[in-house]
>>> print(open('entry-v1.cif').read())   # mmCIF, C-alpha atoms and all ligand atoms
data_structure
loop_
_atom_site.label_atom_id
_atom_site.label_comp_id
_atom_site.auth_asym_id
_atom_site.auth_seq_id
_atom_site.Cartn_x
_atom_site.Cartn_y
_atom_site.Cartn_z
CA MET A 1251 -21.72 20.28 -0.95
CA LYS A 1252 -24.66 19.93 -3.33
CA LEU A 1253 -26.49 16.59 -3.16
CA ASN A 1254 -28.91 15.18 -5.73
CA GLU A 1255 -32.30 13.82 -4.73
CA ASP A 1256 -31.14 10.23 -4.33
CA GLU A 1257 -28.23 11.32 -2.14
CA ARG A 1258 -30.53 13.49 0.00
CA GLU A 1259 -32.86 10.53 0.50
CA ILE A 1260 -29.99 8.29 1.60
CA LEU A 1261 -28.93 11.00 4.06
CA ALA A 1262 -32.49 11.10 5.38
CA GLY A 1263 -32.29 7.35 6.06
CA LYS A 1264 -34.43 5.98 3.21
CA ARG A 1265 -32.01 3.06 2.61
CA GLY A 1266 -31.45 2.42 6.31
CA LYS A 1267 -28.98 3.34 9.04
CA GLY A 1268 -25.85 1.82 7.47
CA TYR A 1269 -26.08 3.76 4.20
CA ARG A 1270 -27.11 6.91 6.06
CA LYS A 1271 -23.94 6.63 8.15
CA ALA A 1272 -21.87 6.23 4.96
CA MET A 1273 -23.50 9.31 3.43
CA GLU A 1274 -22.96 11.35 6.62
CA ILE A 1275 -19.23 10.52 6.46
CA LEU A 1276 -18.88 11.49 2.79
CA VAL A 1277 -20.85 14.71 3.30
CA ALA A 1278 -18.72 15.69 6.31
CA LEU A 1279 -15.55 14.97 4.30
CA GLY A 1280 -16.85 16.88 1.26
CA ASP A 1281 -17.81 19.88 3.38
CA LEU A 1282 -14.43 19.87 5.12
CA TYR A 1283 -12.57 20.00 1.79
CA GLU A 1284 -15.15 22.25 0.10
CA ALA A 1285 -16.04 19.67 -2.53
CA GLU A 1286 -18.75 20.82 -4.92
CA ARG A 1287 -20.46 17.40 -5.20
CA LEU A 1288 -20.11 13.65 -5.01
CA ILE A 1289 -18.80 11.72 -8.02
CA PRO A 1290 -19.15 8.01 -8.86
CA VAL A 1291 -16.13 5.78 -8.25
CA SER A 1292 -15.42 2.61 -10.21
CA SER A 1293 -13.72 0.84 -7.29
CA THR A 1294 -12.65 1.08 -3.68
CA GLN A 1295 -9.84 -0.48 -1.66
CA VAL A 1296 -10.73 -0.71 2.02
CA SER A 1297 -8.05 -0.68 4.74
CA GLY A 1298 -8.39 -1.24 8.48
CA VAL A 1299 -8.45 -5.04 8.24
CA SER A 1300 -5.72 -6.36 10.54
CA PHE A 1301 -6.79 -6.98 14.13
CA LYS A 1302 -3.27 -5.85 15.07
CA THR A 1303 -3.96 -2.33 13.77
CA ILE A 1304 -7.69 -1.81 14.48
CA GLY A 1305 -8.04 -3.75 17.75
CA GLU A 1306 -11.21 -4.51 19.66
CA ALA A 1307 -12.76 -1.05 19.14
CA GLY A 1308 -12.31 -1.28 15.36
CA LEU A 1309 -13.81 -4.77 15.26
CA GLU A 1310 -16.92 -3.65 17.17
CA PHE A 1311 -17.30 -0.58 14.92
CA ILE A 1312 -17.22 -2.65 11.72
CA LYS A 1313 -19.47 -5.40 13.09
CA ASP A 1314 -22.01 -2.80 14.17
CA TRP A 1315 -21.98 -1.10 10.75
CA SER A 1316 -22.13 -4.36 8.80
CA GLY A 1317 -25.44 -5.31 10.42
CA ASP A 1318 -27.17 -2.44 8.61
CA VAL A 1319 -25.99 -2.81 5.01
CA GLN A 1320 -26.69 -5.22 2.16
CA GLY A 1321 -23.99 -4.73 -0.46
CA THR A 1322 -21.59 -2.25 -2.02
CA GLY A 1323 -22.07 0.38 -4.72
CA CYS A 1324 -18.99 -0.61 -6.72
CA LEU A 1325 -16.16 -3.17 -6.97
CA SER A 1326 -14.58 -3.20 -3.51
CA THR A 1327 -11.54 -5.11 -2.27
CA LEU A 1328 -9.80 -5.51 1.09
CA ASN A 1329 -6.32 -4.69 2.34
CA PRO A 1330 -4.13 -7.35 4.03
CA ALA A 1331 -5.33 -8.87 7.29
CA GLY A 1332 -3.26 -9.78 10.36
CA VAL A 1333 -2.96 -13.45 9.39
CA ASP A 1334 -3.80 -15.85 6.58
CA LEU A 1335 -6.73 -17.66 8.20
CA ASP A 1336 -5.89 -20.94 6.39
CA THR A 1337 -2.38 -21.23 7.85
CA ALA A 1338 -2.41 -19.02 10.96
CA LYS A 1339 -2.83 -21.89 13.42
CA GLU A 1340 -0.04 -24.01 12.02
CA MET A 1341 2.23 -20.93 12.05
CA GLY A 1342 1.62 -20.51 15.77
CA PHE A 1343 -0.40 -17.29 15.95
CA PRO A 1344 -2.55 -16.96 19.10
CA GLU A 1345 -6.06 -18.47 18.83
CA ASP A 1346 -7.79 -15.36 20.10
CA PHE A 1347 -6.09 -13.22 17.44
CA ILE A 1348 -7.13 -15.68 14.70
CA LYS A 1349 -10.73 -15.69 15.94
CA LYS A 1350 -10.95 -11.88 16.01
CA GLN A 1351 -9.34 -11.67 12.57
CA GLY A 1352 -11.95 -14.07 11.22
CA GLU A 1353 -14.75 -11.91 12.62
CA ILE A 1354 -13.35 -8.80 10.91
CA ILE A 1355 -13.17 -10.54 7.51
CA GLU A 1356 -16.68 -11.91 7.98
CA ALA A 1357 -18.06 -8.44 8.76
CA TYR A 1358 -16.47 -6.94 5.63
CA THR A 1359 -17.52 -9.78 3.34
CA GLY A 1360 -21.03 -9.52 4.80
CA MET A 1361 -21.10 -5.98 3.42
CA GLY A 1362 -20.17 -7.27 -0.05
CA ILE A 1363 -16.47 -6.41 0.00
CA LEU A 1364 -14.25 -9.03 -1.69
CA PRO A 1365 -11.72 -10.55 0.74
CA SER A 1366 -8.76 -10.13 -1.65
CA CYS A 1367 -6.62 -9.09 1.35
CA THR A 1368 -3.81 -7.58 -0.69
CA CYS A 1369 -2.22 -4.13 -0.86
CA THR A 1370 -1.65 -4.66 -4.60
CA PRO A 1371 -5.31 -4.89 -5.69
CA TYR A 1372 -4.15 -3.90 -9.19
CA LEU A 1373 -2.35 -7.31 -9.38
CA ALA A 1374 -5.49 -9.11 -8.25
CA GLY A 1375 -8.29 -7.94 -10.51
CA ASN A 1376 -9.07 -4.48 -9.12
CA LEU A 1377 -7.27 -2.63 -11.92
CA PRO A 1378 -8.61 0.87 -12.68
CA GLY A 1379 -7.97 2.55 -16.02
CA PHE A 1380 -6.38 5.91 -16.81
CA GLY A 1381 -8.56 8.77 -15.57
CA ASP A 1382 -10.88 6.52 -13.53
CA HIS A 1383 -12.08 7.98 -10.25
CA ILE A 1384 -11.61 5.54 -7.38
CA ALA A 1385 -11.55 5.73 -3.56
CA TRP A 1386 -8.64 3.72 -2.19
CA ALA A 1387 -7.13 3.55 1.24
CA GLU A 1388 -3.63 2.13 2.01
CA SER A 1389 -0.95 4.50 0.96
CA SER A 1390 1.11 2.24 -1.34
CA SER A 1391 -1.87 1.28 -3.48
CA VAL A 1392 -3.05 4.91 -3.57
CA ILE A 1393 0.26 6.26 -4.84
CA PHE A 1394 0.58 3.45 -7.43
CA ALA A 1395 -2.94 4.09 -8.72
CA ASN A 1396 -2.41 7.85 -9.03
CA SER A 1397 1.09 7.80 -10.42
CA VAL A 1398 1.51 4.63 -12.48
CA LEU A 1399 -2.06 3.84 -13.54
CA GLY A 1400 -3.20 7.46 -13.88
CA ALA A 1401 -6.38 6.72 -11.91
CA ARG A 1402 -7.54 9.37 -9.45
CA THR A 1403 -7.87 8.90 -5.72
CA ASN A 1404 -7.22 10.74 -2.50
CA ARG A 1405 -5.54 8.83 0.31
CA GLU A 1406 -8.69 7.64 2.02
CA SER A 1407 -8.92 6.42 5.58
CA GLY A 1408 -10.37 2.96 6.21
CA VAL A 1409 -13.65 4.58 7.26
CA SER A 1410 -14.04 6.94 4.29
CA ALA A 1411 -13.07 4.17 1.84
CA LEU A 1412 -15.71 1.95 3.44
CA ALA A 1413 -18.32 4.71 3.12
CA SER A 1414 -17.36 5.08 -0.56
CA ALA A 1415 -17.53 1.31 -1.01
CA LEU A 1416 -21.12 1.21 0.24
CA LEU A 1417 -22.30 4.16 -1.85
CA GLY A 1418 -20.00 3.93 -4.90
CA LYS A 1419 -19.21 7.64 -4.53
CA THR A 1420 -16.60 10.06 -3.21
CA PRO A 1421 -16.44 13.85 -2.79
CA LEU A 1422 -14.83 15.70 -5.71
CA TYR A 1423 -11.66 17.34 -4.30
CA GLY A 1424 -7.90 16.86 -4.00
CA LEU A 1425 -6.28 14.45 -6.45
CA HIS A 1426 -9.55 13.94 -8.35
CA LEU A 1427 -8.98 17.42 -9.82
CA GLU A 1428 -6.52 17.97 -12.68
CA GLU A 1429 -4.99 21.11 -11.12
CA ASN A 1430 -3.92 19.23 -7.97
CA ARG A 1431 -2.02 16.54 -9.87
CA ARG A 1432 0.82 18.70 -11.14
CA ALA A 1433 4.45 18.20 -10.13
CA THR A 1434 5.54 20.61 -7.39
CA PHE A 1435 9.31 19.85 -7.35
CA VAL A 1436 11.90 17.99 -9.41
CA VAL A 1437 14.25 15.24 -8.23
CA ASP A 1438 17.40 14.88 -10.31
CA ILE A 1439 18.78 11.37 -9.86
CA ASP A 1440 22.54 11.53 -10.19
CA ILE A 1441 23.35 7.88 -9.57
CA GLN A 1442 22.85 4.54 -11.30
CA MET A 1443 19.99 2.67 -9.57
CA GLU A 1444 20.82 -1.03 -9.15
CA ASP A 1445 17.41 -2.50 -8.28
CA SER A 1446 14.05 -2.05 -6.53
CA ALA A 1447 15.67 -1.61 -3.10
CA ASP A 1448 17.58 1.45 -4.39
CA TYR A 1449 14.33 2.93 -5.72
CA SER A 1450 12.72 2.13 -2.41
CA ALA A 1451 15.53 3.86 -0.49
CA MET A 1452 15.20 6.90 -2.75
CA GLY A 1453 11.43 7.00 -2.18
CA PHE A 1454 12.00 6.82 1.56
CA HIS A 1455 14.54 9.67 1.51
CA ILE A 1456 12.31 11.96 -0.57
CA GLY A 1457 9.14 11.06 1.37
CA GLN A 1458 10.78 11.82 4.71
CA ASN A 1459 12.20 15.16 3.62
CA TYR A 1460 9.72 16.66 1.17
CA ASP A 1461 6.01 17.11 0.64
CA GLY A 1462 4.00 17.65 -2.57
CA ILE A 1463 4.27 15.87 -5.93
CA PRO A 1464 7.83 15.02 -7.04
CA PHE A 1465 8.92 14.69 -10.66
CA PHE A 1466 11.81 12.21 -10.95
CA ARG A 1467 14.31 12.20 -13.80
CA PHE A 1468 17.78 10.81 -14.39
CA LYS A 1469 20.37 13.54 -14.67
CA GLY A 1470 22.53 11.82 -17.25
CA GLY A 1471 19.86 9.60 -18.80
CA GLY A 1472 19.88 5.99 -17.62
CA GLU A 1473 17.65 2.99 -17.80
CA GLY A 1474 14.15 3.71 -16.54
CA PRO A 1475 12.44 1.95 -13.64
CA THR A 1476 10.42 -1.25 -14.01
CA LEU A 1477 6.86 -1.51 -12.70
CA ASP A 1478 8.21 -3.36 -9.66
CA ASP A 1479 10.71 -0.52 -9.04
CA LEU A 1480 7.85 2.01 -9.19
CA LYS A 1481 5.76 -0.14 -6.84
CA SER A 1482 8.57 -0.24 -4.26
CA MET A 1483 9.46 3.41 -4.65
CA GLY A 1484 5.85 4.58 -4.33
CA ALA A 1485 5.30 2.60 -1.13
CA ALA A 1486 8.38 4.20 0.45
CA LEU A 1487 7.45 7.71 -0.71
CA ALA A 1488 4.05 7.24 0.90
CA VAL A 1489 5.56 6.46 4.32
CA GLY A 1490 5.59 10.26 4.37
CA SER A 1491 2.62 12.25 3.10
CA ILE A 1492 3.22 11.95 -0.67
CA SER A 1493 0.33 10.35 -2.61
CA MET A 1494 1.46 10.93 -6.19
CA PHE A 1495 4.67 11.27 -8.23
CA HIS A 1496 5.72 11.56 -11.85
CA PHE A 1497 8.69 9.77 -13.41
CA GLN A 1498 10.09 10.94 -16.72
CA GLY A 1499 9.40 8.37 -19.44
CA ALA A 1500 7.71 5.97 -17.02
CA THR A 1501 4.41 7.40 -15.71
CA PRO A 1502 1.45 8.49 -17.85
CA GLU A 1503 1.10 12.13 -16.77
CA ALA A 1504 4.85 12.93 -16.74
CA ALA A 1505 5.00 14.20 -20.32
CA THR A 1506 2.49 16.97 -19.71
CA GLN A 1507 4.19 18.50 -16.64
CA ASP A 1508 5.53 22.04 -16.73
CA LEU A 1509 8.81 21.96 -14.81
CA GLU A 1510 9.83 25.57 -15.26
CA GLU A 1511 10.07 27.46 -11.99
CA LEU A 1512 10.02 24.29 -9.89
CA ILE A 1513 12.79 23.79 -7.34
CA THR A 1514 15.15 20.89 -8.03
CA VAL A 1515 16.63 18.60 -5.41
CA GLN A 1516 19.50 16.20 -6.03
CA PHE A 1517 19.54 12.52 -5.24
CA THR A 1518 23.12 11.25 -5.22
CA LYS A 1519 25.24 8.46 -3.80
CA LYS A 1520 25.34 10.35 -0.49
CA GLU A 1521 21.53 10.41 0.01
CA LEU A 1522 21.25 6.76 -1.07
CA LYS A 1523 23.86 5.72 1.50
CA GLU A 1524 22.14 7.74 4.23
CA ALA A 1525 18.78 6.10 3.52
CA TYR A 1526 20.29 2.59 3.79
CA GLU A 1527 22.09 3.51 6.99
CA LYS A 1528 18.96 4.91 8.59
CA LEU A 1529 16.89 1.80 7.82
CA ASN A 1530 19.47 -0.81 8.85
CA THR A 1531 18.96 -1.30 12.57
CA LEU A 1532 20.42 -4.80 12.93
CA GLU A 1533 24.05 -4.80 14.17
CA SER A 1534 26.47 -5.35 11.30
CA GLY A 1535 27.66 -8.94 11.17
CA GLU A 1536 24.40 -10.28 12.63
CA GLU A 1537 22.10 -12.43 10.49
CA PRO A 1538 18.34 -11.71 10.48
CA GLU A 1539 16.19 -14.64 11.68
CA LEU A 1540 14.16 -14.60 8.48
CA ILE A 1541 13.86 -12.73 5.22
CA ALA A 1542 10.47 -11.25 4.34
CA ILE A 1543 9.85 -10.28 0.72
CA GLY A 1544 6.71 -8.66 -0.69
CA CYS A 1545 6.10 -5.14 0.63
CA PRO A 1546 4.01 -4.19 -1.30
CA HIS A 1547 2.87 -7.75 -2.09
CA ALA A 1548 5.23 -9.32 -4.62
CA SER A 1549 4.42 -9.50 -8.31
CA LEU A 1550 4.66 -12.82 -10.16
CA LYS A 1551 8.05 -11.77 -11.50
CA GLU A 1552 9.41 -10.91 -8.06
CA ALA A 1553 7.99 -14.09 -6.55
CA LEU A 1554 9.48 -16.29 -9.28
CA LYS A 1555 12.88 -14.71 -8.75
CA VAL A 1556 12.76 -15.76 -5.09
CA LEU A 1557 11.54 -19.28 -5.92
CA GLU A 1558 14.24 -19.78 -8.52
CA SER A 1559 17.04 -18.50 -6.29
CA LYS A 1560 17.96 -21.85 -4.68
CA THR A 1561 18.57 -19.92 -1.48
CA ASP A 1562 19.16 -21.69 1.83
CA LYS A 1563 17.79 -18.72 3.86
CA ILE A 1564 14.43 -18.86 5.63
CA ILE A 1565 12.14 -16.77 3.44
CA TRP A 1566 8.56 -15.62 3.88
CA LEU A 1567 7.21 -14.47 0.55
CA PHE A 1568 4.07 -12.28 0.75
CA VAL A 1569 1.90 -12.32 -2.38
CA PRO A 1570 -1.72 -11.86 -3.45
CA ARG A 1571 -3.79 -15.05 -3.01
CA GLN A 1572 -4.01 -15.73 -6.77
CA THR A 1573 -0.22 -15.68 -7.00
CA LYS A 1574 0.06 -18.08 -4.06
CA ASN A 1575 -2.37 -20.48 -5.75
CA LEU A 1576 -0.34 -20.34 -8.96
CA LEU A 1577 3.06 -20.83 -7.37
CA GLU A 1578 2.55 -23.14 -4.43
CA ALA A 1579 2.93 -26.33 -6.47
CA ARG A 1580 6.18 -25.03 -7.98
CA ASN A 1581 7.77 -24.34 -4.64
CA THR A 1582 10.12 -27.21 -3.84
CA ASN A 1583 12.31 -25.23 -1.45
CA LYS A 1584 11.25 -26.01 2.13
CA ASN A 1585 12.91 -22.81 3.38
CA ILE A 1586 10.48 -20.66 1.38
CA LYS A 1587 6.97 -20.12 2.71
CA ILE A 1588 4.50 -18.47 0.33
CA ILE A 1589 2.00 -16.44 2.34
CA SER A 1590 -1.07 -14.53 1.19
CA ASP A 1591 -3.68 -12.28 2.83
CA THR A 1592 -1.22 -10.61 5.23
CA CYS A 1593 2.25 -9.07 5.42
CA MET A 1594 5.32 -8.72 7.67
CA VAL A 1595 4.05 -5.39 9.04
CA VAL A 1596 0.35 -5.95 9.79
CA SER A 1597 0.93 -9.49 11.06
CA PRO A 1598 1.84 -9.77 14.78
CA LEU A 1599 5.29 -11.30 14.16
CA GLU A 1600 6.37 -10.15 17.62
CA LYS A 1601 3.89 -12.69 19.06
CA LEU A 1602 5.91 -15.46 17.36
CA ASP A 1603 8.98 -14.23 19.23
CA ILE A 1604 10.72 -13.11 16.04
CA LYS A 1605 13.29 -10.42 16.83
CA SER A 1606 14.99 -9.62 13.53
CA ILE A 1607 14.07 -9.56 9.86
CA GLY A 1608 15.70 -8.97 6.47
CA VAL A 1609 13.73 -6.95 3.89
CA ASN A 1610 14.27 -5.31 0.49
CA SER A 1611 11.57 -2.69 1.12
CA ALA A 1612 12.17 0.64 2.86
CA LYS A 1613 8.53 0.71 3.96
CA ALA A 1614 8.80 -2.72 5.57
CA ALA A 1615 12.13 -1.74 7.16
CA PHE A 1616 10.65 1.43 8.65
CA TYR A 1617 7.48 -0.16 10.09
CA SER A 1618 9.05 -3.45 11.19
CA TYR A 1619 11.36 -1.42 13.40
CA ASN A 1620 8.97 1.33 14.49
CA LEU A 1621 5.70 -0.62 14.76
CA SER A 1622 6.83 -4.15 15.65
CA GLY A 1623 10.16 -3.42 17.37
CA LEU A 1624 12.14 -5.81 15.12
CA LYS A 1625 15.79 -5.24 14.21
CA VAL A 1626 16.10 -4.90 10.45
CA ARG A 1627 18.56 -5.68 7.67
CA PHE A 1628 17.52 -3.63 4.58
CA LEU A 1629 19.29 -4.72 1.39
CA SER A 1630 18.66 -5.57 -2.26
CA LEU A 1631 16.98 -8.93 -2.91
CA ASP A 1632 20.14 -10.38 -4.45
CA LYS A 1633 22.22 -9.47 -1.40
CA LEU A 1634 19.59 -10.79 1.01
CA LEU A 1635 19.42 -14.12 -0.81
CA LYS A 1636 23.19 -14.50 -0.59
FE1 LIG B 1701 1.48 -3.90 1.83
FE2 LIG B 1701 2.03 -4.54 4.28
FE3 LIG B 1701 3.81 -3.27 2.84
S1 LIG B 1701 0.11 -3.78 3.55
S2 LIG B 1701 2.61 -2.05 1.44
S3 LIG B 1701 3.04 -5.33 2.45
S4 LIG B 1701 3.28 -2.83 4.94
#
>>> encode(input="entry-v1.cif", output="structure tokens")
Amino acid sequence: MKLNEDEREILAGKRGKGYRKAMEILVALGDLYEAERLIPVSSTQVSGVSFKTIGEAGLEFIKDWSGDVQGTGCLSTLNPAGVDLDTAKEMGFPEDFIKKQGEIIEAYTGMGILPSCTCTPYLAGNLPGFGDHIAWAESSSVIFANSVLGARTNRESGVSALASALLGKTPLYGLHLEENRRATFVVDIDIQMEDSADYSAMGFHIGQNYDGIPFFRFKGGGEGPTLDDLKSMGAALAVGSISMFHFQGATPEAATQDLEELITVQFTKKELKEAYEKLNTLESGEEPELIAIGCPHASLKEALKVLESKTDKIIWLFVPRQTKNLLEARNTNKNIKIISDTCMVVSPLEKLDIKSIGVNSAKAAFYSYNLSGLKVRFLSLDKLLK
């Protein structure tokens, strides 16, 4: 990869050890993928924040790196942490976990990264425009940025996104290049989609069985997806290796796709039913202990729907911090807890002795069962609330 003079100086250590390490990572990545050069990015989204997922080794690594840097090269935000530090104690999370989580956040903020702690940075002020180059980690935000916003990012790891955050650059390869953003297969939807959970189930089914860039379209026409549907569907697609999709009439690069010669797969009632069956691991007839909404973090519209539902179920509603600040005073239902900065997957719910959970997100269903060992009821929001 060709470097300019400034980049060569950083690599030689002129700005200190921390920035040299960041440059070494980007150069290694660029060389691996045969990138021609580095390009500027307008923002980064850094993952690897929850103590549950990065552990002691991750904490030491970040602390060590943070001692050698004094700020980022572009707008940089953080993924959800393991707990909301303001409420973790009262919710009963172990003190040691809370302490370690605090140290992680402190290390990142010391580097200049904003502690937004949400996987929907685009709902919290980190909103790239069409065609913007960015370097985001966390698969659901990556796929939303590429597909719905038309921004350009590879699926970064926590480490490469952090390197990009410090330097404001990323290697030019993969989804930054026009030719790699084209649809590679078509999905014909031959069923009426009822709500976000159906889109999420469809995303899960396609993401588990196919690779590449799908182009979705309704076989017999039909009402298009909402932004919340696309958010849920993208997160579930990205449980597999898919980092971009097109949706006829709904995403900005769909109209320019050439679909001739692409294979077409069908999504029918049968595949939808199979996806629900696969993700429902709680015995039928059993009630989940609590319902967790907001994977990815809920939009204002989704959150208001929960608050206005008059439900008597125990609900944990995961939202970006700004949304929590806006809605907390409106919440008169004691059964609903509005939580920011974390989520049902990266939070150590198992340490609270919770054994079952109800969700309307295929991604949350998959990881709650496979990562946290919880039994899951996966249904639409309306059905869960009833
Ligand atoms: Fe976000 Fe957690 Fe789901 S990070 S996408 S709410 S698993």
>>> atom_distance(input="entry-v1.cif", atom1="CA of His1455 (chain A)", atom2="CA of Tyr1617 (chain A)")
14.8 Å
>>> residues_around(input="entry-v1.cif", residues="region 1531-1534 of chain A", least_positions_apart="5", cutoff="7 Å", atoms="all atoms listed in the file", output="PyMOL selection string")
chain A and resi 1625-1627
>>> closest_atom_pairs(input="entry-v1.cif", of="chain A", to="ligand LIG 1701 (chain B)", cutoff="6 Å", atoms="only C-alpha atoms and all ligand atoms", output="CSV")
residue,atom,partner,partner_atom,distance
A:Pro1330,CA,B:LIG1701,S1,5.6
A:Cys1369,CA,B:LIG1701,FE1,4.6
A:Ser1390,CA,B:LIG1701,S2,5.3
A:Ala1485,CA,B:LIG1701,S2,6.0
A:Gly1544,CA,B:LIG1701,S3,5.9
A:Cys1545,CA,B:LIG1701,S3,3.6
A:Pro1546,CA,B:LIG1701,S2,3.7
A:His1547,CA,B:LIG1701,S3,5.1
A:Cys1593,CA,B:LIG1701,FE2,4.7
A:Val1595,CA,B:LIG1701,S4,4.9
A:Val1596,CA,B:LIG1701,FE2,5.9
A:Ala1614,CA,B:LIG1701,S4,5.6
>>> closest_residue(input="entry-v1.cif", among="A:Leu1328, A:Ile1384, A:Ile1289, A:Met1443", to="Pro1371 (chain A)", atoms="only C-alpha atoms")
A:Leu1328
>>> closest_residue(input="entry-v1.cif", among="A:Tyr1283, A:Tyr1449, A:Phe1454, A:Phe1616", to="Asn1404 (chain A)", atoms="all atoms listed in the file")
A:Tyr1283
>>> atom_distance(input="entry-v1.cif", atom1="CA of Ile1260 (chain A)", atom2="CA of Ser1366 (chain A)")
28.3 Å
>>> residues_around(input="entry-v1.cif", residues="region 1420-1425 of chain A", least_positions_apart="2", cutoff="7 Å", atoms="all atoms listed in the file", output="list in words")
Leu1276, Gly1280, Tyr1283, Ala1285, Glu1286, Arg1287, Leu1288, Ile1289, Pro1290, Val1291, Ala1385, Arg1402, Thr1403, Asn1404, Ser1414, Leu1427, Asn1430 and Arg1431 of chain A
>>> atom_distance(input="entry-v1.cif", atom1="CA of Leu1631 (chain A)", atom2="CA of Tyr1619 (chain A)")
18.8 Å
>>> closest_atom_pairs(input="entry-v1.cif", of="region 1479-1554 of chain A", to="region 1584-1592 of chain A", cutoff="10 Å", atoms="all atoms listed in the file", output="Markdown table")
| residue | atom | partner | partner_atom | distance |
| --- | --- | --- | --- | --- |
| A:Leu1540 | CA | A:Asn1585 | CA | 9.7 |
| A:Ile1541 | CA | A:Ile1586 | CA | 9.4 |
| A:Ala1542 | CA | A:Lys1587 | CA | 9.7 |
| A:Ile1543 | CA | A:Ile1588 | CA | 9.8 |
| A:Gly1544 | CA | A:Ile1589 | CA | 9.6 |
| A:His1547 | CA | A:Ser1590 | CA | 8.5 |
| A:Ala1553 | CA | A:Ile1588 | CA | 8.9 |
>>> residues_around(input="entry-v1.cif", residues="Gly1268 (chain A)", least_positions_apart="4", cutoff="8 Å", atoms="all atoms listed in the file", output="MDAnalysis selection string")
chainID A and resid 1272 1315:1319
>>> write_last_selection(input="entry-v1.cif", atoms="C-alpha atoms", output="mmCIF file, keeping the file's coordinate frame")
data_model
loop_
_atom_site.group_PDB
_atom_site.id
_atom_site.type_symbol
_atom_site.label_atom_id
_atom_site.label_comp_id
_atom_site.auth_asym_id
_atom_site.auth_seq_id
_atom_site.Cartn_x
_atom_site.Cartn_y
_atom_site.Cartn_z
ATOM 1 C CA ALA A 1272 -21.870 6.230 4.960
ATOM 2 C CA TRP A 1315 -21.980 -1.100 10.750
ATOM 3 C CA SER A 1316 -22.130 -4.360 8.800
ATOM 4 C CA GLY A 1317 -25.440 -5.310 10.420
ATOM 5 C CA ASP A 1318 -27.170 -2.440 8.610
ATOM 6 C CA VAL A 1319 -25.990 -2.810 5.010
#
>>> closest_residue(input="entry-v1.cif", among="A:Thr1322, A:Gln1295, A:Gln1458, A:Ser1618", to="Trp1386 (chain A)", atoms="all atoms listed in the file")
A:Gln1295
>>> residues_around(input="entry-v1.cif", residues="Asp1603 (chain A)", least_positions_apart="3", cutoff="12 Å", atoms="all atoms listed in the file", output="ChimeraX atom specification")
/A:1341-1344,1539-1540,1598-1600,1606-1607,1622-1624
>>> residues_around(input="entry-v1.cif", residues="Thr1327 (chain A)", least_positions_apart="3", cutoff="7 Å", atoms="all atoms listed in the file", output="PDB file with C-alpha atoms, in the frame of the given file")
ATOM      1  CA  THR A1294     -12.650   1.080  -3.680  1.00  0.00           C
ATOM      2  CA  GLN A1295      -9.840  -0.480  -1.660  1.00  0.00           C
ATOM      3  CA  VAL A1296     -10.730  -0.710   2.020  1.00  0.00           C
ATOM      4  CA  ILE A1363     -16.470  -6.410   0.000  1.00  0.00           C
ATOM      5  CA  LEU A1364     -14.250  -9.030  -1.690  1.00  0.00           C
ATOM      6  CA  PRO A1365     -11.720 -10.550   0.740  1.00  0.00           C
ATOM      7  CA  SER A1366      -8.760 -10.130  -1.650  1.00  0.00           C
TER       8      SER A1366
END
>>> closest_residue(input="entry-v1.cif", among="A:Lys1613, A:Lys1523, A:Lys1349, A:Lys1528", to="Gly1484 (chain A)", atoms="only C-alpha atoms")
A:Lys1613
>>> axis_aligned_box(input="entry-v1.cif", around="region 1513-1518 of chain A", padding_each_side="3 Å", output="JSON")
{"center_x": 18.0, "center_y": 17.5, "center_z": -6.6, "size_x": 16.3, "size_y": 18.5, "size_z": 8.8}
>>> closest_residue(input="entry-v1.cif", among="A:Val1556, A:Leu1487, A:Leu1550, A:Leu1325", to="Asn1575 (chain A)", atoms="all atoms listed in the file")
A:Leu1550
>>> decode(input="entry-v1.cif", residues="region 1364-1371 of chain A", atoms="N, CA and C atoms", output="tab-separated table (two decimals), in the first residue's frame")
chain	number	residue	atom	x	y	z
A	1364	LEU	N	-16.44	9.25	21.85
A	1364	LEU	CA	-17.63	9.67	22.60
A	1364	LEU	C	-18.37	8.45	23.15
A	1365	PRO	N	-18.68	8.45	24.46
A	1365	PRO	CA	-19.30	7.27	25.06
A	1365	PRO	C	-20.80	7.17	24.77
A	1366	SER	N	-21.15	7.16	23.49
A	1366	SER	CA	-22.57	7.08	23.10
A	1366	SER	C	-23.16	5.72	23.49
A	1367	CYS	N	-22.31	4.69	23.45
A	1367	CYS	CA	-22.70	3.33	23.86
A	1367	CYS	C	-24.02	2.86	23.25
A	1368	THR	N	-24.12	3.02	21.93
A	1368	THR	CA	-25.30	2.49	21.23
A	1368	THR	C	-24.86	1.82	19.93
A	1369	CYS	N	-25.64	0.81	19.52
A	1369	CYS	CA	-25.37	0.15	18.23
A	1369	CYS	C	-26.17	0.82	17.12
A	1370	THR	N	-26.92	1.88	17.45
A	1370	THR	CA	-27.59	2.68	16.42
A	1370	THR	C	-27.02	4.10	16.46
A	1371	PRO	N	-25.73	4.24	16.15
A	1371	PRO	CA	-25.11	5.57	16.23
A	1371	PRO	C	-25.82	6.58	15.32
